[in-house]
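Coordinates from upload04.txt are shown below (compact mmCIF, C-alpha atoms and all ligand atoms).
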# COMPACT_ATOMS: atom_id res chain seq x y z
CA MET P 836 39.00 -86.60 74.57
CA LYS P 837 38.99 -86.69 70.80
CA GLU P 838 37.80 -89.13 68.15
CA VAL P 839 40.49 -89.73 65.55
CA GLU P 840 41.21 -92.04 62.65
CA LEU P 841 44.50 -93.85 63.09
CA LYS P 842 46.45 -95.96 60.63
CA ILE P 843 48.07 -99.20 61.79
CA VAL P 844 51.77 -99.04 60.90
CA ALA P 845 52.93 -102.03 62.94
CA ASN P 846 51.24 -105.02 64.54
CA VAL P 847 53.85 -107.49 65.74
CA LYS P 848 53.86 -110.45 68.08
CA VAL P 849 56.23 -109.72 70.97
CA GLY P 850 55.43 -112.61 73.28
CA LYS P 851 53.04 -115.45 73.92
CA ASP P 852 49.62 -114.04 72.85
CA VAL P 853 50.94 -110.48 73.19
CA PHE P 854 51.14 -107.98 70.32
CA LEU P 855 52.54 -104.49 69.98
CA MET P 856 50.55 -102.24 67.66
CA ARG P 857 51.62 -98.80 66.47
CA LEU P 858 48.84 -96.50 65.29
CA ARG P 859 49.75 -93.33 63.44
CA GLY P 860 47.68 -90.15 63.24
CA ASP P 861 46.76 -87.10 65.27
CA CYS P 862 47.69 -88.06 68.85
CA THR P 863 48.04 -84.53 70.19
CA GLU P 864 45.20 -85.20 72.64
CA ILE P 865 47.26 -87.81 74.53
CA HIS P 866 49.07 -86.06 77.35
CA ASN P 867 50.11 -88.54 80.07
CA SER P 868 51.28 -92.07 80.56
CA GLY P 869 48.53 -94.05 82.25
CA GLU P 870 45.85 -92.67 79.92
CA PHE P 871 44.04 -95.10 77.65
CA ILE P 872 42.52 -95.18 74.17
CA ASN P 873 39.30 -96.88 73.13
CA ILE P 874 39.42 -98.60 69.74
CA ASP P 875 36.37 -99.02 67.56
CA LEU P 876 36.63 -102.42 65.87
CA PRO P 877 34.35 -102.90 62.87
CA ASN P 878 31.51 -105.34 63.64
CA PHE P 879 32.16 -105.28 67.41
CA TYR P 880 29.54 -103.57 69.55
CA LEU P 881 31.69 -101.92 72.23
CA ARG P 882 35.03 -100.18 71.79
CA ARG P 883 38.03 -101.94 73.34
CA PRO P 884 40.11 -99.99 75.89
CA PHE P 885 43.94 -100.19 75.92
CA SER P 886 46.56 -98.34 77.94
CA VAL P 887 48.86 -95.95 76.16
CA CYS P 888 52.12 -97.90 76.04
CA ASP P 889 54.11 -95.20 74.26
CA PHE P 890 53.07 -92.06 72.43
CA SER P 891 54.09 -88.92 70.64
CA TYR P 892 52.13 -86.23 68.82
CA ASP P 893 51.71 -88.47 65.75
CA TYR P 894 51.58 -92.03 67.06
CA VAL P 895 50.41 -94.22 69.90
CA ASP P 896 51.60 -97.73 70.75
CA ILE P 897 49.41 -100.25 72.49
CA LEU P 898 50.51 -103.58 73.89
CA TYR P 899 47.64 -106.05 73.83
CA LYS P 900 47.05 -109.58 75.00
CA VAL P 901 44.73 -111.84 73.07
CA VAL P 902 41.93 -112.81 75.45
CA GLY P 903 38.75 -112.86 73.39
CA GLN P 904 37.16 -112.23 69.98
CA GLY P 905 38.07 -108.53 69.76
CA THR P 906 41.75 -108.90 70.53
CA LYS P 907 41.93 -112.00 68.32
CA TYR P 908 40.50 -109.93 65.46
CA MET P 909 43.08 -107.21 66.14
CA THR P 910 45.90 -109.66 65.39
CA THR P 911 44.53 -110.00 61.83
CA LEU P 912 44.62 -106.27 61.09
CA SER P 913 47.30 -105.54 58.54
CA ILE P 914 49.53 -102.53 58.07
CA GLY P 915 47.65 -99.68 56.41
CA THR P 916 44.29 -100.54 58.01
CA LYS P 917 42.52 -97.50 59.44
CA VAL P 918 40.61 -97.66 62.73
CA LYS P 919 38.63 -95.08 64.65
CA ALA P 920 39.53 -94.48 68.28
CA LEU P 921 38.76 -92.23 71.19
CA ILE P 922 42.03 -90.93 72.59
CA GLY P 923 43.00 -88.84 75.59
CA LEU P 924 40.88 -90.92 77.98
CA GLY P 925 41.39 -91.24 81.73
CA ASN P 926 43.50 -89.32 84.19
CA GLY P 927 46.90 -90.95 83.71
CA PHE P 928 49.78 -91.17 86.17
CA GLN P 929 50.82 -88.14 88.16
CA ILE P 930 54.60 -87.82 87.94
CA LYS P 931 55.93 -87.22 91.44
CA ARG P 932 59.41 -86.06 92.36
CA GLY P 933 61.44 -88.48 94.45
CA LYS P 934 62.27 -92.13 93.97
CA PRO P 935 59.62 -94.00 91.96
CA LEU P 936 58.95 -97.73 92.04
CA LEU P 937 57.13 -99.22 89.05
CA ILE P 938 55.29 -102.50 89.62
CA ALA P 939 53.76 -104.51 86.79
CA GLY P 940 52.05 -107.88 86.67
CA GLY P 941 51.45 -109.55 83.29
CA ILE P 942 49.97 -107.24 80.64
CA GLY P 943 50.01 -104.53 83.33
CA ILE P 944 53.43 -103.75 81.87
CA ALA P 945 51.72 -101.82 79.04
CA PRO P 946 51.56 -98.34 80.65
CA MET P 947 54.98 -98.68 82.31
CA ILE P 948 56.98 -97.93 79.15
CA SER P 949 55.63 -94.40 78.74
CA LEU P 950 55.83 -93.87 82.51
CA ALA P 951 59.47 -95.01 82.58
CA LYS P 952 60.20 -92.73 79.61
CA ALA P 953 58.65 -89.76 81.43
CA TYR P 954 60.94 -90.41 84.42
CA ASN P 955 63.98 -90.86 82.18
CA GLU P 956 63.24 -87.44 80.66
CA LEU P 957 63.53 -86.05 84.19
CA GLY P 958 66.91 -87.77 84.58
CA ILE P 959 65.51 -90.48 86.86
CA GLN P 960 65.86 -94.16 86.02
CA PRO P 961 63.11 -95.92 87.95
CA THR P 962 63.22 -99.39 89.46
CA LEU P 963 60.73 -101.77 87.87
CA LEU P 964 59.44 -104.98 89.44
CA TYR P 965 57.92 -107.05 86.66
CA GLY P 966 56.27 -110.38 87.23
CA ALA P 967 54.24 -112.99 85.42
CA ARG P 968 53.34 -116.66 85.63
CA THR P 969 56.22 -117.82 83.47
CA LYS P 970 59.15 -116.53 81.38
CA GLU P 971 57.19 -116.47 78.08
CA ASP P 972 54.69 -114.04 79.56
CA LEU P 973 57.37 -111.37 80.09
CA VAL P 974 57.72 -109.03 77.09
CA LEU P 975 59.83 -106.10 75.85
CA ILE P 976 62.57 -106.81 78.39
CA ASP P 977 65.28 -105.19 76.22
CA THR P 978 63.35 -101.91 75.86
CA LEU P 979 62.48 -101.89 79.55
CA SER P 980 66.08 -102.61 80.58
CA GLU P 981 67.22 -99.45 78.79
CA LEU P 982 64.72 -97.38 80.77
CA CYS P 983 64.64 -99.05 84.19
CA HIS P 984 66.56 -101.00 86.81
CA ILE P 985 64.51 -104.10 86.23
CA MET P 986 63.85 -107.04 88.57
CA LEU P 987 61.89 -109.99 87.24
CA CYS P 988 59.85 -112.61 89.00
CA THR P 989 57.89 -115.62 87.79
CA GLU P 990 55.58 -117.89 89.69
CA ASP P 991 57.26 -120.99 88.24
CA GLY P 992 60.79 -119.65 88.74
CA SER P 993 61.62 -119.92 85.01
CA ILE P 994 63.38 -116.54 85.25
CA GLY P 995 64.17 -114.16 88.09
CA PHE P 996 62.82 -114.50 91.62
CA LYS P 997 60.49 -117.46 92.13
CA GLY P 998 57.23 -116.13 93.47
CA ASN P 999 54.87 -113.24 92.96
CA ILE P 1000 55.47 -109.48 92.95
CA VAL P 1001 54.27 -108.98 96.52
CA GLN P 1002 56.68 -111.66 97.77
CA LEU P 1003 59.49 -110.08 95.73
CA LEU P 1004 58.70 -106.67 97.18
CA GLN P 1005 58.78 -108.07 100.73
CA LYS P 1006 62.06 -109.86 100.09
CA ILE P 1007 64.04 -107.00 98.54
CA ASN P 1008 62.34 -104.16 100.42
CA PRO P 1009 63.50 -101.49 97.92
CA GLU P 1010 63.86 -97.87 98.87
CA PHE P 1011 61.19 -95.74 97.16
CA ASP P 1012 59.00 -92.69 97.74
CA TYR P 1013 55.98 -93.59 95.63
CA TYR P 1014 54.88 -96.63 93.65
CA TYR P 1015 52.90 -97.02 90.44
CA ALA P 1016 51.23 -100.40 89.93
CA CYS P 1017 49.28 -102.05 87.14
CA GLY P 1018 48.28 -105.68 86.88
CA PRO P 1019 45.76 -108.23 88.12
CA MET P 1020 43.27 -106.99 90.72
CA LYS P 1021 44.51 -109.50 93.34
CA MET P 1022 48.05 -108.14 92.98
CA LEU P 1023 46.86 -104.54 93.29
CA GLU P 1024 44.77 -105.40 96.33
CA ALA P 1025 47.68 -107.13 98.08
CA LEU P 1026 49.95 -104.18 97.30
CA ALA P 1027 47.45 -101.59 98.48
CA LYS P 1028 46.93 -103.48 101.73
CA THR P 1029 50.64 -103.52 102.54
CA ASN P 1030 51.77 -100.18 101.02
CA SER P 1031 49.55 -97.11 100.91
CA ASN P 1032 52.11 -94.74 99.39
CA GLY P 1033 51.34 -95.38 95.76
CA CYS P 1034 48.71 -95.60 93.07
CA VAL P 1035 47.06 -98.41 91.18
CA SER P 1036 45.83 -98.46 87.59
CA LEU P 1037 42.58 -100.40 87.41
CA GLU P 1038 40.65 -102.20 84.70
CA ALA P 1039 36.86 -102.39 84.57
CA ARG P 1040 34.37 -103.48 81.97
CA MET P 1041 33.50 -100.36 80.06
CA GLY P 1042 30.52 -99.17 78.12
CA CYS P 1043 31.10 -95.65 76.81
CA GLY P 1044 34.68 -95.15 78.06
CA PHE P 1045 34.23 -91.42 78.67
CA GLY P 1046 32.11 -91.00 81.78
CA ALA P 1047 28.56 -91.10 80.45
CA CYS P 1048 27.16 -94.54 81.32
CA MET P 1049 28.48 -95.16 84.88
CA GLY P 1050 29.14 -98.78 83.81
CA CYS P 1051 32.68 -98.78 85.13
CA SER P 1052 31.98 -97.39 88.63
CA ILE P 1053 33.96 -98.71 91.58
CA GLN P 1054 33.67 -98.09 95.29
CA THR P 1055 36.26 -95.85 96.89
CA THR P 1056 36.66 -94.24 100.28
CA LYS P 1057 35.38 -91.06 98.58
CA GLY P 1058 32.25 -92.63 97.10
CA TYR P 1059 31.64 -94.22 93.73
CA LYS P 1060 34.12 -93.27 91.02
CA ARG P 1061 34.29 -94.05 87.31
CA VAL P 1062 37.38 -95.97 86.21
CA CYS P 1063 37.20 -94.34 82.76
CA LYS P 1064 36.90 -90.76 84.00
CA GLU P 1065 38.27 -90.29 87.55
CA GLY P 1066 40.63 -93.22 86.89
CA PRO P 1067 41.98 -95.56 85.72
CA VAL P 1068 44.70 -94.45 88.17
CA PHE P 1069 43.63 -94.16 91.83
CA PRO P 1070 45.56 -93.62 95.06
CA ALA P 1071 46.10 -97.11 96.47
CA ASN P 1072 44.53 -96.18 99.81
CA GLU P 1073 41.31 -94.90 98.18
CA VAL P 1074 40.18 -98.06 96.41
CA ILE P 1075 37.80 -100.40 98.25
CA PHE P 1076 38.74 -103.77 96.80
C1 LIG M 1 41.60 -98.73 81.23
C2 LIG M 1 41.92 -100.08 80.63
C3 LIG M 1 43.17 -100.31 80.09
C4 LIG M 1 43.47 -101.54 79.51
N1 LIG M 1 44.71 -101.71 78.98
C5 LIG M 1 45.02 -102.88 78.40
C6 LIG M 1 46.29 -103.05 77.79
O1 LIG M 1 47.13 -102.14 77.76
N2 LIG M 1 46.54 -104.24 77.21
C7 LIG M 1 45.62 -105.28 77.20
O2 LIG M 1 45.92 -106.33 76.66
N3 LIG M 1 44.42 -105.13 77.79
C8 LIG M 1 44.09 -103.96 78.36
N4 LIG M 1 42.85 -103.79 78.92
C9 LIG M 1 41.91 -104.92 78.85
C10 LIG M 1 41.29 -104.97 77.44
O3 LIG M 1 40.43 -103.87 77.28
C11 LIG M 1 40.51 -106.27 77.25
O4 LIG M 1 41.39 -107.36 77.36
C12 LIG M 1 39.85 -106.29 75.88
O5 LIG M 1 38.85 -105.30 75.82
C13 LIG M 1 39.27 -107.66 75.63
O6 LIG M 1 38.55 -107.61 74.44
P1 LIG M 1 38.13 -108.97 73.69
O7 LIG M 1 37.08 -108.63 72.71
O8 LIG M 1 39.32 -109.69 73.19
O9 LIG M 1 37.57 -109.85 74.88
P2 LIG M 1 36.03 -110.24 75.26
O10 LIG M 1 36.09 -110.97 76.51
O11 LIG M 1 35.48 -110.99 74.04
O12 LIG M 1 35.37 -108.88 75.37
C14 LIG M 1 34.01 -108.75 75.68
C15 LIG M 1 33.78 -107.38 76.31
O13 LIG M 1 34.40 -107.32 77.61
C16 LIG M 1 35.36 -106.28 77.67
N5 LIG M 1 36.51 -106.76 78.42
C17 LIG M 1 37.02 -108.00 78.37
N6 LIG M 1 38.07 -108.10 79.20
C18 LIG M 1 38.22 -106.87 79.79
C19 LIG M 1 39.10 -106.35 80.74
N7 LIG M 1 40.08 -107.07 81.28
N8 LIG M 1 38.97 -105.05 81.10
C20 LIG M 1 38.00 -104.30 80.58
N9 LIG M 1 37.10 -104.74 79.68
C21 LIG M 1 37.22 -106.02 79.29
C22 LIG M 1 35.69 -105.99 76.22
O14 LIG M 1 36.18 -104.63 76.05
C23 LIG M 1 34.38 -106.22 75.53
O15 LIG M 1 33.53 -105.12 75.66
C24 LIG M 1 42.51 -102.58 79.50
C25 LIG M 1 41.25 -102.36 80.07
C26 LIG M 1 40.96 -101.13 80.62
C27 LIG M 1 39.61 -100.90 81.21
S1 LIG M 2 32.51 -96.71 80.80
FE1 LIG M 2 30.81 -95.36 80.76
S2 LIG M 2 31.14 -94.18 82.56
FE2 LIG M 2 32.92 -95.39 82.43
Please rewrite the model in this file as structure tokens.
Amino acid sequence: MKEVELKIVANVKVGKDVFLMRLRGDCTEIHNSGEFINIDLPNFYLRRPFSVCDFSYDYVDILYKVVGQGTKYMTTLSIGTKVKALIGLGNGFQIKRGKPLLIAGGIGIAPMISLAKAYNELGIQPTLLYGARTKEDLVLIDTLSELCHIMLCTEDGSIGFKGNIVQLLQKINPEFDYYYACGPMKMLEALAKTNSNGCVSLEARMGCGFGACMGCSIQTTKGYKRVCKEGPVFPANEVIF
């Protein structure tokens, strides 16, 4: 973990209420997809956690959905603004050999770009199942299509399979060795109950973001664990939903 000052170099709307922000600075402490950063917004009490969407040694991208005052304020931040952030937080995804299946619901797509890139670097193009309520909620399809074999689903049928991710998974029954999932808790729970050979990236309300306050603890089969420290990625069969 490291506290750094990052400069906003892009902050663009990429979908309905969804923005892609690039922050430039010392990002050498970010090592894995699935990690998160915690941004200190001036005049907001707690830092806001966001998954690493893409990263290199000198930048990190986050994909954020406007849901409350903090994320609304972020949309107003202009290029050149400097923000403080804790980076290198959380365990991140463990890259496993074999055939991966990436599963994302809604803004749960955020960590899948860096994960897909990591697999592409190994010469593996993963399959991605990506779902949302409606077509406008699906973002960065062009970028994702270059990295993944992508299958879309929407609950209203406006694009792709009509239904949710779990129904899509049951219908197509893809061949895979290990899955990586991020999205709404209900989706992760349904996945974990039907497929144990994967991991889920969880969200929890956070205080400190680095393991000190226990505010983000969840129950697992191995006792209480902190989403910010032992997670946010957990084996699907360990989480007690
Ligand atoms: C590990 C992790 C990774 C995340 N990655 C992303 C991401 O890539 N993209 C994205 O859009 N969102 C992500 N979130 C959720 C994001 O942190 C919240 O949407 C954001 O903090 C909301 O802030 P707000 O001020 O707009 O909302 P408010 O509701 O006004 O926030 C009030 C407080 O609740 C917290 N909070 C609100 N919603 C959540 C939530 N869903 N999870 C955790 N804390 C929350 C806020 O941080 C803040 O402290 C992630 C959360 C976690 C824990
Ligand atoms: S947020 Fe403080 S321990 Fe996780």
(request) Dump the neighbourhood of ligand LIG 1 (chain M) as a ChimeraX atom specification: all residues within 9 Å, distances computed on all atoms listed in the file. (result) /P:853-854,869-873,879-888,897-909,924-925,942-946,1019,1036-1042,1044,1051,1062-1063,1066-1068
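Between CA of Ile922 in chain P and atom S2 of ligand LIG 2 (chain M) lies a distance of 15.1 Å.
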(request) Have a look at CA of Leu982 in chain P and CA of Ile938 in chain P and let me know their distance in Å, one decimal. (result)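 CA of Ile938 in chain P lies at a distance of 13.9 Å from CA of Leu982 in chain P.
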(request) Around the point (56.2, -115.2, 86.9), in the coordinates given by the file, pick out the residues reaching within 10 Å, counting all atoms listed in the file, and return them as a list in words. (result)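 Those residues lying close to the given coordinates are Gly940, Gly941, Tyr965, Gly966, Ala967, Arg968, Thr969, Lys970, Glu971, Asp972, Leu973, Leu987, Cys988, Thr989, Glu990, Asp991, Gly992, Ser993, Ile994, Gly995, Phe996, Lys997, Gly998, Asn999 and Ile1000 of chain P.
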Kindly save the residues from that selection, with C-alpha atoms included, as a compact mmCIF listing (two decimals), keeping the file's coordinate frame.
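What ended up in again-v7.txt:
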# COMPACT_ATOMS: atom_id res chain seq x y z
CA GLY P 940 52.05 -107.88 86.67
CA GLY P 941 51.45 -109.55 83.29
CA TYR P 965 57.92 -107.05 86.66
CA GLY P 966 56.27 -110.38 87.23
CA ALA P 967 54.24 -112.99 85.42
CA ARG P 968 53.34 -116.66 85.63
CA THR P 969 56.22 -117.82 83.47
CA LYS P 970 59.15 -116.53 81.38
CA GLU P 971 57.19 -116.47 78.08
CA ASP P 972 54.69 -114.04 79.56
CA LEU P 973 57.37 -111.37 80.09
CA LEU P 987 61.89 -109.99 87.24
CA CYS P 988 59.85 -112.61 89.00
CA THR P 989 57.89 -115.62 87.79
CA GLU P 990 55.58 -117.89 89.69
CA ASP P 991 57.26 -120.99 88.24
CA GLY P 992 60.79 -119.65 88.74
CA SER P 993 61.62 -119.92 85.01
CA ILE P 994 63.38 -116.54 85.25
CA GLY P 995 64.17 -114.16 88.09
CA PHE P 996 62.82 -114.50 91.62
CA LYS P 997 60.49 -117.46 92.13
CA GLY P 998 57.23 -116.13 93.47
CA ASN P 999 54.87 -113.24 92.96
CA ILE P 1000 55.47 -109.48 92.95
(message) Nearest residue to ligand LIG 2 (chain M) out of P:Ala1047, P:Leu921, P:Ile930, P:Leu1004, using only C-alpha atoms and all ligand atoms?
(response)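 Among P:Ala1047, P:Leu921, P:Ile930, P:Leu1004, it is P:Ala1047 that comes nearest to ligand LIG 2 (chain M).
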(message) Nearest residue to Glu1010 in chain P out of P:Ile874, P:Ala920, P:Leu937, P:Cys1043, using all atoms listed in the file?
(response)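 Checking each candidate against Glu1010 in chain P, we get P:Leu937 as the closest.
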(message) When you count all atoms listed in the file, which of these residues is closest to Cys983 in chain P: P:Gly923, P:Gly860, P:Pro935, P:Gly1018?
(response)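 Nearest to Cys983 in chain P: P:Pro935.
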Can you complete the atoms of range 1004-1015 of chain P to N, CA and C atoms and list them as an mmCIF file, in the frame of the given file?
data_model
loop_
_atom_site.group_PDB
_atom_site.id
_atom_site.type_symbol
_atom_site.label_atom_id
_atom_site.label_comp_id
_atom_site.auth_asym_id
_atom_site.auth_seq_id
_atom_site.Cartn_x
_atom_site.Cartn_y
_atom_site.Cartn_z
ATOM 1 N N LEU P 1004 58.636 -107.975 96.513
ATOM 2 C CA LEU P 1004 58.700 -106.670 97.180
ATOM 3 C C LEU P 1004 59.082 -106.838 98.659
ATOM 4 N N GLN P 1005 58.465 -107.832 99.310
ATOM 5 C CA GLN P 1005 58.780 -108.070 100.730
ATOM 6 C C GLN P 1005 60.218 -108.515 100.896
ATOM 7 N N LYS P 1006 60.701 -109.316 99.958
ATOM 8 C CA LYS P 1006 62.060 -109.860 100.090
ATOM 9 C C LYS P 1006 63.117 -108.772 99.888
ATOM 10 N N ILE P 1007 62.959 -107.957 98.845
ATOM 11 C CA ILE P 1007 64.040 -107.000 98.540
ATOM 12 C C ILE P 1007 63.859 -105.667 99.258
ATOM 13 N N ASN P 1008 62.643 -105.376 99.671
ATOM 14 C CA ASN P 1008 62.340 -104.160 100.420
ATOM 15 C C ASN P 1008 63.050 -102.928 99.827
ATOM 16 N N PRO P 1009 62.762 -102.582 98.570
ATOM 17 C CA PRO P 1009 63.500 -101.490 97.920
ATOM 18 C C PRO P 1009 63.145 -100.123 98.511
ATOM 19 N N GLU P 1010 64.110 -99.226 98.376
ATOM 20 C CA GLU P 1010 63.860 -97.870 98.870
ATOM 21 C C GLU P 1010 63.066 -97.115 97.785
ATOM 22 N N PHE P 1011 61.949 -96.524 98.141
ATOM 23 C CA PHE P 1011 61.190 -95.740 97.160
ATOM 24 C C PHE P 1011 60.302 -94.735 97.886
ATOM 25 N N ASP P 1012 59.891 -93.691 97.154
ATOM 26 C CA ASP P 1012 59.000 -92.690 97.740
ATOM 27 C C ASP P 1012 57.546 -92.924 97.355
ATOM 28 N N TYR P 1013 57.346 -93.442 96.123
ATOM 29 C CA TYR P 1013 55.980 -93.590 95.630
ATOM 30 C C TYR P 1013 55.956 -94.698 94.602
ATOM 31 N N TYR P 1014 54.920 -95.563 94.664
ATOM 32 C CA TYR P 1014 54.880 -96.630 93.650
ATOM 33 C C TYR P 1014 53.706 -96.453 92.683
ATOM 34 N N TYR P 1015 53.906 -97.030 91.501
ATOM 35 C CA TYR P 1015 52.900 -97.020 90.440
ATOM 36 C C TYR P 1015 52.678 -98.471 90.047
#
